[in-house]
$ cat target_28.txt   # compact mmCIF, C-alpha atoms
# COMPACT_ATOMS: atom_id res chain seq x y z
CA MET A 1 8.81 6.78 -15.41
CA ALA A 2 5.92 6.04 -13.01
CA LYS A 3 5.36 7.13 -9.43
CA LEU A 4 4.77 4.34 -6.93
CA VAL A 5 3.60 4.91 -3.35
CA LEU A 6 4.02 2.15 -0.75
CA PHE A 7 1.60 2.74 2.12
CA ASN A 8 1.08 0.85 5.38
CA LYS A 9 -2.71 1.04 5.63
CA PRO A 10 -4.03 1.12 9.19
CA TYR A 11 -7.01 -0.87 10.39
CA GLY A 12 -10.32 0.86 9.61
CA VAL A 13 -9.06 2.98 6.69
CA LEU A 14 -10.84 2.84 3.32
CA CYS A 15 -8.80 2.26 0.15
CA GLN A 16 -10.16 5.43 -1.47
CA PHE A 17 -9.67 9.18 -1.10
CA THR A 18 -13.24 10.22 -0.31
CA ASP A 19 -16.13 8.77 1.68
CA PRO A 20 -19.63 10.27 2.01
CA GLU A 21 -19.96 8.66 5.43
CA GLY A 22 -16.92 10.48 6.77
CA ARG A 23 -14.84 7.39 7.56
CA PRO A 24 -11.01 7.52 7.47
CA THR A 25 -9.63 7.40 3.92
CA LEU A 26 -6.31 7.51 2.10
CA ALA A 27 -6.59 11.31 2.00
CA ASP A 28 -6.00 11.36 5.77
CA TYR A 29 -2.53 9.89 5.24
CA VAL A 30 -1.23 10.09 1.65
CA THR A 31 -0.40 13.62 0.52
CA GLN A 32 0.97 12.66 -2.91
CA SER A 33 -1.52 13.79 -5.56
CA ASN A 34 -2.74 11.95 -8.66
CA VAL A 35 -2.05 8.42 -7.42
CA TYR A 36 -4.61 5.64 -7.25
CA ALA A 37 -4.71 2.31 -5.45
CA ALA A 38 -3.53 -0.71 -7.44
CA GLY A 39 -5.83 -3.26 -5.86
CA ARG A 40 -7.61 -3.07 -2.54
CA LEU A 41 -7.23 -4.02 1.09
CA ASP A 42 -10.27 -4.65 3.25
CA LEU A 43 -11.38 -2.10 5.83
CA ASP A 44 -10.48 -4.48 8.65
CA SER A 45 -7.12 -5.50 7.16
CA GLU A 46 -3.76 -3.75 7.49
CA GLY A 47 -0.46 -3.49 5.69
CA LEU A 48 0.92 -2.87 2.25
CA LEU A 49 -1.15 -0.93 -0.27
CA VAL A 50 0.44 0.13 -3.56
CA LEU A 51 -0.67 3.34 -5.30
CA THR A 52 0.52 4.64 -8.65
CA ASP A 53 -0.09 7.39 -11.19
CA ASP A 54 0.46 5.05 -14.14
CA GLY A 55 -2.46 3.11 -15.59
CA ALA A 56 -0.26 0.47 -17.25
CA LEU A 57 1.53 -0.26 -13.98
CA GLN A 58 -1.77 -0.37 -12.11
CA GLN A 59 -3.05 -2.93 -14.63
CA ARG A 60 0.13 -4.99 -14.34
CA ILE A 61 -0.19 -5.19 -10.55
CA THR A 62 -3.90 -5.98 -10.40
CA HIS A 63 -4.70 -8.11 -13.46
CA PRO A 64 -5.37 -11.75 -12.45
CA SER A 65 -3.50 -13.14 -15.46
CA ASN A 66 -0.20 -11.86 -14.03
CA LYS A 67 -0.65 -13.98 -10.86
CA LEU A 68 1.35 -11.53 -8.78
CA PRO A 69 2.12 -13.20 -5.42
CA LYS A 70 0.82 -11.45 -2.29
CA THR A 71 1.99 -12.47 1.18
CA TYR A 72 0.02 -11.95 4.40
CA TRP A 73 0.79 -12.44 8.07
CA VAL A 74 -2.38 -13.86 9.54
CA GLN A 75 -3.28 -14.38 13.18
CA VAL A 76 -5.87 -17.12 13.43
CA GLU A 77 -7.87 -18.44 16.34
CA GLY A 78 -6.99 -22.01 17.19
CA ASP A 79 -4.05 -24.37 16.83
CA ALA A 80 -3.15 -24.70 13.14
CA GLY A 81 -2.22 -28.34 12.76
CA PRO A 82 -0.55 -30.08 9.80
CA GLU A 83 -3.87 -31.17 8.27
CA ALA A 84 -5.29 -27.63 8.16
CA LEU A 85 -2.05 -26.25 6.72
CA GLU A 86 -2.00 -28.93 4.02
CA GLN A 87 -5.59 -28.11 3.07
CA LEU A 88 -4.67 -24.44 2.61
CA ARG A 89 -1.64 -25.39 0.53
CA ARG A 90 -3.63 -27.66 -1.80
CA GLY A 91 -6.53 -25.21 -2.13
CA VAL A 92 -9.88 -25.03 -0.39
CA THR A 93 -13.35 -24.92 -1.91
CA LEU A 94 -15.13 -21.61 -1.40
CA LYS A 95 -18.51 -20.45 -2.69
CA ASP A 96 -16.80 -19.07 -5.79
CA GLY A 97 -14.75 -22.20 -6.46
CA LEU A 98 -11.52 -23.92 -5.55
CA THR A 99 -8.63 -21.64 -4.63
CA ARG A 100 -5.24 -22.00 -6.24
CA PRO A 101 -2.57 -23.74 -4.19
CA ALA A 102 -1.02 -21.39 -1.62
CA LYS A 103 2.27 -21.22 0.25
CA VAL A 104 1.52 -21.57 3.96
CA GLN A 105 3.74 -21.87 7.01
CA THR A 106 3.53 -21.12 10.71
CA ILE A 107 5.66 -18.20 11.98
CA GLU A 108 6.60 -16.73 15.32
CA PRO A 109 4.36 -13.87 16.47
CA PRO A 110 5.81 -10.81 14.69
CA THR A 111 6.67 -7.56 16.45
CA LEU A 112 3.99 -5.16 15.23
CA TRP A 113 2.48 -1.75 15.87
CA PRO A 114 -0.57 -1.81 18.18
CA ARG A 115 -3.92 -2.14 16.47
CA HIS A 116 -6.82 0.17 17.30
CA PRO A 117 -9.10 -1.37 18.43
CA PRO A 118 -7.00 -4.29 19.72
CA VAL A 119 -7.69 -7.87 18.71
CA ARG A 120 -10.06 -9.62 21.09
CA GLU A 121 -8.47 -12.89 22.11
CA ARG A 122 -10.20 -15.53 24.22
CA ARG A 123 -8.18 -16.52 27.25
CA HIS A 124 -8.42 -20.29 26.92
CA ILE A 125 -8.17 -20.54 23.13
CA PRO A 126 -4.70 -20.42 21.54
CA THR A 127 -3.84 -18.36 18.47
CA THR A 128 -1.43 -19.11 15.63
CA TRP A 129 0.43 -16.83 13.23
CA LEU A 130 0.67 -17.93 9.60
CA ALA A 131 2.47 -16.59 6.54
CA ILE A 132 0.17 -17.15 3.55
CA THR A 133 1.12 -16.37 -0.05
CA ILE A 134 -1.58 -16.41 -2.73
CA THR A 135 -1.67 -15.51 -6.41
CA GLU A 136 -5.34 -14.56 -6.60
CA GLY A 137 -7.35 -11.55 -5.51
CA ARG A 138 -10.82 -12.77 -4.60
CA ASN A 139 -12.91 -10.75 -2.18
CA ARG A 140 -11.76 -11.41 1.42
CA GLN A 141 -10.04 -14.52 0.15
CA VAL A 142 -7.55 -15.19 2.96
CA ARG A 143 -10.20 -14.77 5.66
CA ARG A 144 -12.52 -17.15 3.83
CA MET A 145 -9.73 -19.68 3.32
CA THR A 146 -8.80 -19.84 7.01
CA ALA A 147 -12.47 -19.98 8.01
CA ALA A 148 -12.93 -22.97 5.67
CA VAL A 149 -10.40 -24.96 7.74
CA ASN A 150 -11.91 -23.80 11.07
CA LEU A 151 -9.24 -21.19 11.79
CA PRO A 152 -11.04 -17.81 11.97
CA THR A 153 -8.82 -14.84 11.16
CA LEU A 154 -8.27 -12.38 14.01
CA ARG A 155 -5.74 -10.05 12.37
CA LEU A 156 -4.51 -9.81 8.79
CA ILE A 157 -1.51 -7.82 7.54
CA ARG A 158 -0.28 -7.77 3.93
CA VAL A 159 3.51 -7.63 3.87
CA SER A 160 4.35 -7.91 0.17
CA ILE A 161 2.94 -7.56 -3.33
CA GLY A 162 5.22 -9.00 -5.97
CA GLN A 163 8.64 -7.37 -5.56
CA TRP A 164 7.38 -4.65 -3.21
CA GLN A 165 7.75 -5.14 0.55
CA LEU A 166 6.18 -3.46 3.55
CA GLY A 167 9.62 -3.30 5.16
CA ASP A 168 9.90 -1.10 8.23
CA LEU A 169 7.02 1.23 7.36
CA ASP A 170 5.02 1.97 10.50
CA SER A 171 1.23 2.01 10.42
CA GLY A 172 0.02 5.09 8.52
CA GLN A 173 3.42 5.80 6.95
CA TRP A 174 4.25 5.82 3.24
CA HIS A 175 7.13 6.50 0.90
CA MET A 176 7.41 7.04 -2.83
CA GLU A 177 9.52 5.25 -5.42
CA THR A 178 9.93 5.72 -9.15
CA VAL A 179 9.57 2.84 -11.57
CA HIS A 180 11.05 2.74 -15.07
CA LEU A 181 8.60 0.86 -17.25
CA PRO A 182 9.78 -0.81 -20.48
CA GLN A 183 8.82 1.18 -23.53
CA PRO A 184 6.63 -0.45 -26.19
CA PRO A 185 8.47 -1.32 -29.43
CA ALA A 186 8.64 1.57 -31.89
CA ALA A 187 6.17 1.35 -34.74
CA LYS A 188 7.61 0.77 -38.20
CA ARG A 189 7.77 3.90 -40.28
CA PRO A 190 5.42 3.76 -43.29
CA ILE A 191 7.00 3.69 -46.74
CA ASN A 192 7.01 7.10 -48.37
CA LYS A 193 5.77 6.25 -51.86
CA LYS A 194 6.50 9.73 -53.15
CA ARG A 195 10.20 9.29 -52.38
CA LEU A 196 10.30 5.79 -53.90
CA GLY A 197 8.28 6.67 -56.96
CA SER A 198 5.02 5.17 -58.15
CA LYS A 199 6.63 1.82 -59.03
CA GLY A 200 8.17 1.34 -55.58
CA PRO A 201 11.82 0.55 -54.81
CA ALA A 202 13.90 -0.84 -57.63
CA PHE A 203 15.21 -4.42 -57.37
CA LYS A 204 18.98 -4.33 -56.90
CA GLY A 205 19.61 -7.95 -57.79
CA PRO A 206 21.67 -10.51 -55.88
CA LYS A 207 25.03 -9.76 -54.38
CA PRO A 208 28.13 -10.91 -56.30
CA GLY A 209 28.40 -14.67 -55.99
CA GLY A 210 24.84 -15.00 -54.80
CA LYS A 211 21.99 -16.98 -56.36
CA ARG A 212 19.57 -15.43 -58.79
CA PRO A 213 16.03 -15.14 -57.55
CA ARG A 214 13.65 -17.69 -59.04

$ encode --input "target_28.txt" --output "structure tokens"
Amino acid sequence: MAKLVLFNKPYGVLCQFTDPEGRPTLADYVTQSNVYAAGRLDLDSEGLLVLTDDGALQQRITHPSNKLPKTYWVQVEGDAGPEALEQLRRGVTLKDGLTRPAKVQTIEPPTLWPRHPPVRERRHIPTTWLAITITEGRNRQVRRMTAAVNLPTLRLIRVSIGQWQLGDLDSGQWHMETVHLPQPPAAKRPINKKRLGSKGPAFKGPKPGGKRPR
């Protein structure tokens, strides 16, 4: 049984428990001991961060081969038209290669906690909210994807990782769950040659009515 912490990371908080520069860290919010972040969330991003005390679960969440979907609410600068959305869905070419196809749709502006500092919006330029689901974990991937289609990201909030949801957690809040991991198959017990004798188990022959071995 593994411990799993779901944390709503505020803007400007590092995804680690210590910082030599004295910046805000997880230790300022999460009081549960012996848990470690499964993946990261950028300093200037907000939302769901999963922490666990189980290395196997941490590996399952973060390993690229598992392609765990992650969904973000993204406020972008500009009017996201059909062409830009289709580009994001098909995949865009970044410096480290073509991204996998993503699920992208426009959404109504969500009701959220205030961000400190607030987003700087330009009066005469519209903004759009998108829900973007990806199955990769490249560095600052969502921000680079929206920038590639001329939609700079203003605010980014992760709302789900796989089956785990941000839900109604307020900024800076967390709660703990327990996860029952499947146990690895039991190893076969080695044959005890002393009990069987030096010649091994005796052949019992076929059952009545059965065929003789050839």

$ closest_residue --input "target_28.txt" --among "A:Leu130, A:Ala56, A:Leu6, A:Leu43" --to "Pro152 of chain A" --atoms "only C-alpha atoms"
A:Leu130

$ residues_around --input "target_28.txt" --residues "segment 69-85 of chain A" --least-positions-apart "5" --cutoff "8 Å" --atoms "only C-alpha atoms" --output "list in words"
Val104, Gln105, Thr106, Ile125, Pro126, Thr127, Thr128, Trp129, Leu130, Ala131, Ile132, Thr133, Ile134, Thr135, Glu136, Thr146, Val149, Leu151, Pro152, Thr153, Leu154, Arg155, Leu156, Ile157, Arg158, Val159, Ser160, Ile161 and Gly162 of chain A

$ write_last_selection --input "target_28.txt" --atoms "C-alpha atoms" --output "mmCIF file, in the coordinates of the input"
data_model
loop_
_atom_site.group_PDB
_atom_site.id
_atom_site.type_symbol
_atom_site.label_atom_id
_atom_site.label_comp_id
_atom_site.auth_asym_id
_atom_site.auth_seq_id
_atom_site.Cartn_x
_atom_site.Cartn_y
_atom_site.Cartn_z
ATOM 1 C CA VAL A 104 1.520 -21.570 3.960
ATOM 2 C CA GLN A 105 3.740 -21.870 7.010
ATOM 3 C CA THR A 106 3.530 -21.120 10.710
ATOM 4 C CA ILE A 125 -8.170 -20.540 23.130
ATOM 5 C CA PRO A 126 -4.700 -20.420 21.540
ATOM 6 C CA THR A 127 -3.840 -18.360 18.470
ATOM 7 C CA THR A 128 -1.430 -19.110 15.630
ATOM 8 C CA TRP A 129 0.430 -16.830 13.230
ATOM 9 C CA LEU A 130 0.670 -17.930 9.600
ATOM 10 C CA ALA A 131 2.470 -16.590 6.540
ATOM 11 C CA ILE A 132 0.170 -17.150 3.550
ATOM 12 C CA THR A 133 1.120 -16.370 -0.050
ATOM 13 C CA ILE A 134 -1.580 -16.410 -2.730
ATOM 14 C CA THR A 135 -1.670 -15.510 -6.410
ATOM 15 C CA GLU A 136 -5.340 -14.560 -6.600
ATOM 16 C CA THR A 146 -8.800 -19.840 7.010
ATOM 17 C CA VAL A 149 -10.400 -24.960 7.740
ATOM 18 C CA LEU A 151 -9.240 -21.190 11.790
ATOM 19 C CA PRO A 152 -11.040 -17.810 11.970
ATOM 20 C CA THR A 153 -8.820 -14.840 11.160
ATOM 21 C CA LEU A 154 -8.270 -12.380 14.010
ATOM 22 C CA ARG A 155 -5.740 -10.050 12.370
ATOM 23 C CA LEU A 156 -4.510 -9.810 8.790
ATOM 24 C CA ILE A 157 -1.510 -7.820 7.540
ATOM 25 C CA ARG A 158 -0.280 -7.770 3.930
ATOM 26 C CA VAL A 159 3.510 -7.630 3.870
ATOM 27 C CA SER A 160 4.350 -7.910 0.170
ATOM 28 C CA ILE A 161 2.940 -7.560 -3.330
ATOM 29 C CA GLY A 162 5.220 -9.000 -5.970
#

$ closest_residue --input "target_28.txt" --among "A:Arg138, A:Arg115, A:His175, A:Arg100" --to "Val50 of chain A" --atoms "all atoms listed in the file"
A:His175

$ residues_around --input "target_28.txt" --residues "Gln16 of chain A" --least-positions-apart "5" --cutoff "10 Å" --atoms "only C-alpha atoms" --output "list in words"
Pro24, Thr25, Leu26, Ala27, Tyr36, Ala37 and Arg40 of chain A

$ atom_distance --input "target_28.txt" --atom1 "atom CA of Gly137 of chain A" --atom2 "atom CA of Arg60 of chain A"
13.3 Å

$ atom_distance --input "target_28.txt" --atom1 "atom CA of Pro64 of chain A" --atom2 "atom CA of Arg90 of chain A"
19.2 Å

$ atom_distance --input "target_28.txt" --atom1 "atom CA of Met1 of chain A" --atom2 "atom CA of Gly55 of chain A"
11.9 Å

$ build_atoms --input "target_28.txt" --residues "segment 24-58 of chain A" --atoms "N, CA and C atoms" --output "PDB file, in the coordinates of the input"
ATOM      1  N   PRO A  24     -12.397   7.243   7.848  1.00  0.00           N
ATOM      2  CA  PRO A  24     -11.010   7.520   7.470  1.00  0.00           C
ATOM      3  C   PRO A  24     -10.705   6.990   6.065  1.00  0.00           C
ATOM      4  N   THR A  25      -9.977   7.775   5.282  1.00  0.00           N
ATOM      5  CA  THR A  25      -9.630   7.400   3.920  1.00  0.00           C
ATOM      6  C   THR A  25      -8.146   7.621   3.682  1.00  0.00           C
ATOM      7  N   LEU A  26      -7.703   7.295   2.474  1.00  0.00           N
ATOM      8  CA  LEU A  26      -6.310   7.510   2.100  1.00  0.00           C
ATOM      9  C   LEU A  26      -5.920   8.978   2.189  1.00  0.00           C
ATOM     10  N   ALA A  27      -6.877   9.872   1.967  1.00  0.00           N
ATOM     11  CA  ALA A  27      -6.590  11.310   2.000  1.00  0.00           C
ATOM     12  C   ALA A  27      -6.137  11.771   3.381  1.00  0.00           C
ATOM     13  N   ASP A  28      -6.436  11.011   4.414  1.00  0.00           N
ATOM     14  CA  ASP A  28      -6.000  11.360   5.770  1.00  0.00           C
ATOM     15  C   ASP A  28      -4.533  11.039   5.992  1.00  0.00           C
ATOM     16  N   TYR A  29      -3.907  10.327   5.046  1.00  0.00           N
ATOM     17  CA  TYR A  29      -2.530   9.890   5.240  1.00  0.00           C
ATOM     18  C   TYR A  29      -1.625  10.223   4.053  1.00  0.00           C
ATOM     19  N   VAL A  30      -2.076   9.941   2.835  1.00  0.00           N
ATOM     20  CA  VAL A  30      -1.230  10.090   1.650  1.00  0.00           C
ATOM     21  C   VAL A  30      -1.411  11.479   1.058  1.00  0.00           C
ATOM     22  N   THR A  31      -0.332  12.253   1.044  1.00  0.00           N
ATOM     23  CA  THR A  31      -0.400  13.620   0.520  1.00  0.00           C
ATOM     24  C   THR A  31       0.033  13.719  -0.939  1.00  0.00           C
ATOM     25  N   GLN A  32       0.585  12.658  -1.501  1.00  0.00           N
ATOM     26  CA  GLN A  32       0.970  12.660  -2.910  1.00  0.00           C
ATOM     27  C   GLN A  32      -0.286  12.704  -3.774  1.00  0.00           C
ATOM     28  N   SER A  33      -0.328  13.625  -4.724  1.00  0.00           N
ATOM     29  CA  SER A  33      -1.520  13.790  -5.560  1.00  0.00           C
ATOM     30  C   SER A  33      -1.441  12.889  -6.797  1.00  0.00           C
ATOM     31  N   ASN A  34      -2.597  12.664  -7.391  1.00  0.00           N
ATOM     32  CA  ASN A  34      -2.740  11.950  -8.660  1.00  0.00           C
ATOM     33  C   ASN A  34      -2.194  10.525  -8.619  1.00  0.00           C
ATOM     34  N   VAL A  35      -2.363   9.842  -7.490  1.00  0.00           N
ATOM     35  CA  VAL A  35      -2.050   8.420  -7.420  1.00  0.00           C
ATOM     36  C   VAL A  35      -3.325   7.670  -7.015  1.00  0.00           C
ATOM     37  N   TYR A  36      -3.416   6.432  -7.485  1.00  0.00           N
ATOM     38  CA  TYR A  36      -4.610   5.640  -7.250  1.00  0.00           C
ATOM     39  C   TYR A  36      -4.208   4.228  -6.830  1.00  0.00           C
ATOM     40  N   ALA A  37      -5.033   3.623  -5.996  1.00  0.00           N
ATOM     41  CA  ALA A  37      -4.710   2.310  -5.450  1.00  0.00           C
ATOM     42  C   ALA A  37      -4.687   1.253  -6.551  1.00  0.00           C
ATOM     43  N   ALA A  38      -3.634   0.444  -6.545  1.00  0.00           N
ATOM     44  CA  ALA A  38      -3.530  -0.710  -7.440  1.00  0.00           C
ATOM     45  C   ALA A  38      -3.983  -1.926  -6.651  1.00  0.00           C
ATOM     46  N   GLY A  39      -5.263  -2.205  -6.690  1.00  0.00           N
ATOM     47  CA  GLY A  39      -5.830  -3.260  -5.860  1.00  0.00           C
ATOM     48  C   GLY A  39      -6.428  -2.657  -4.599  1.00  0.00           C
ATOM     49  N   ARG A  40      -6.938  -3.531  -3.746  1.00  0.00           N
ATOM     50  CA  ARG A  40      -7.610  -3.070  -2.540  1.00  0.00           C
ATOM     51  C   ARG A  40      -7.135  -3.864  -1.341  1.00  0.00           C
ATOM     52  N   LEU A  41      -7.481  -3.354  -0.174  1.00  0.00           N
ATOM     53  CA  LEU A  41      -7.230  -4.020   1.090  1.00  0.00           C
ATOM     54  C   LEU A  41      -8.449  -3.744   1.951  1.00  0.00           C
ATOM     55  N   ASP A  42      -9.016  -4.792   2.519  1.00  0.00           N
ATOM     56  CA  ASP A  42     -10.270  -4.650   3.250  1.00  0.00           C
ATOM     57  C   ASP A  42     -10.173  -3.633   4.383  1.00  0.00           C
ATOM     58  N   LEU A  43     -11.308  -3.082   4.752  1.00  0.00           N
ATOM     59  CA  LEU A  43     -11.380  -2.100   5.830  1.00  0.00           C
ATOM     60  C   LEU A  43     -10.750  -2.623   7.107  1.00  0.00           C
ATOM     61  N   ASP A  44     -10.974  -3.904   7.410  1.00  0.00           N
ATOM     62  CA  ASP A  44     -10.480  -4.480   8.650  1.00  0.00           C
ATOM     63  C   ASP A  44      -9.136  -5.189   8.495  1.00  0.00           C
ATOM     64  N   SER A  45      -8.454  -4.950   7.381  1.00  0.00           N
ATOM     65  CA  SER A  45      -7.120  -5.500   7.160  1.00  0.00           C
ATOM     66  C   SER A  45      -6.096  -4.362   7.173  1.00  0.00           C
ATOM     67  N   GLU A  46      -4.841  -4.727   7.375  1.00  0.00           N
ATOM     68  CA  GLU A  46      -3.760  -3.750   7.490  1.00  0.00           C
ATOM     69  C   GLU A  46      -2.641  -4.094   6.524  1.00  0.00           C
ATOM     70  N   GLY A  47      -1.685  -3.172   6.414  1.00  0.00           N
ATOM     71  CA  GLY A  47      -0.460  -3.490   5.690  1.00  0.00           C
ATOM     72  C   GLY A  47      -0.326  -2.825   4.347  1.00  0.00           C
ATOM     73  N   LEU A  48       0.437  -3.486   3.479  1.00  0.00           N
ATOM     74  CA  LEU A  48       0.920  -2.870   2.250  1.00  0.00           C
ATOM     75  C   LEU A  48      -0.191  -2.606   1.241  1.00  0.00           C
ATOM     76  N   LEU A  49      -0.294  -1.344   0.831  1.00  0.00           N
ATOM     77  CA  LEU A  49      -1.150  -0.930  -0.270  1.00  0.00           C
ATOM     78  C   LEU A  49      -0.273  -0.156  -1.245  1.00  0.00           C
ATOM     79  N   VAL A  50      -0.350  -0.527  -2.520  1.00  0.00           N
ATOM     80  CA  VAL A  50       0.440   0.130  -3.560  1.00  0.00           C
ATOM     81  C   VAL A  50      -0.458   1.099  -4.322  1.00  0.00           C
ATOM     82  N   LEU A  51       0.039   2.332  -4.501  1.00  0.00           N
ATOM     83  CA  LEU A  51      -0.670   3.340  -5.300  1.00  0.00           C
ATOM     84  C   LEU A  51       0.260   3.817  -6.394  1.00  0.00           C
ATOM     85  N   THR A  52      -0.304   4.177  -7.543  1.00  0.00           N
ATOM     86  CA  THR A  52       0.520   4.640  -8.650  1.00  0.00           C
ATOM     87  C   THR A  52      -0.232   5.656  -9.492  1.00  0.00           C
ATOM     88  N   ASP A  53       0.516   6.431 -10.266  1.00  0.00           N
ATOM     89  CA  ASP A  53      -0.090   7.390 -11.190  1.00  0.00           C
ATOM     90  C   ASP A  53      -0.093   6.872 -12.610  1.00  0.00           C
ATOM     91  N   ASP A  54       0.313   5.610 -12.804  1.00  0.00           N
ATOM     92  CA  ASP A  54       0.460   5.050 -14.140  1.00  0.00           C
ATOM     93  C   ASP A  54      -0.546   3.922 -14.357  1.00  0.00           C
ATOM     94  N   GLY A  55      -1.417   4.097 -15.337  1.00  0.00           N
ATOM     95  CA  GLY A  55      -2.460   3.110 -15.590  1.00  0.00           C
ATOM     96  C   GLY A  55      -1.912   1.754 -16.003  1.00  0.00           C
ATOM     97  N   ALA A  56      -0.833   1.742 -16.805  1.00  0.00           N
ATOM     98  CA  ALA A  56      -0.260   0.470 -17.250  1.00  0.00           C
ATOM     99  C   ALA A  56       0.320  -0.303 -16.073  1.00  0.00           C
ATOM    100  N   LEU A  57       0.974   0.394 -15.161  1.00  0.00           N
ATOM    101  CA  LEU A  57       1.530  -0.260 -13.980  1.00  0.00           C
ATOM    102  C   LEU A  57       0.417  -0.757 -13.063  1.00  0.00           C
ATOM    103  N   GLN A  58      -0.617   0.035 -12.914  1.00  0.00           N
ATOM    104  CA  GLN A  58      -1.770  -0.370 -12.110  1.00  0.00           C
ATOM    105  C   GLN A  58      -2.375  -1.663 -12.659  1.00  0.00           C
TER     106      GLN A  58
END
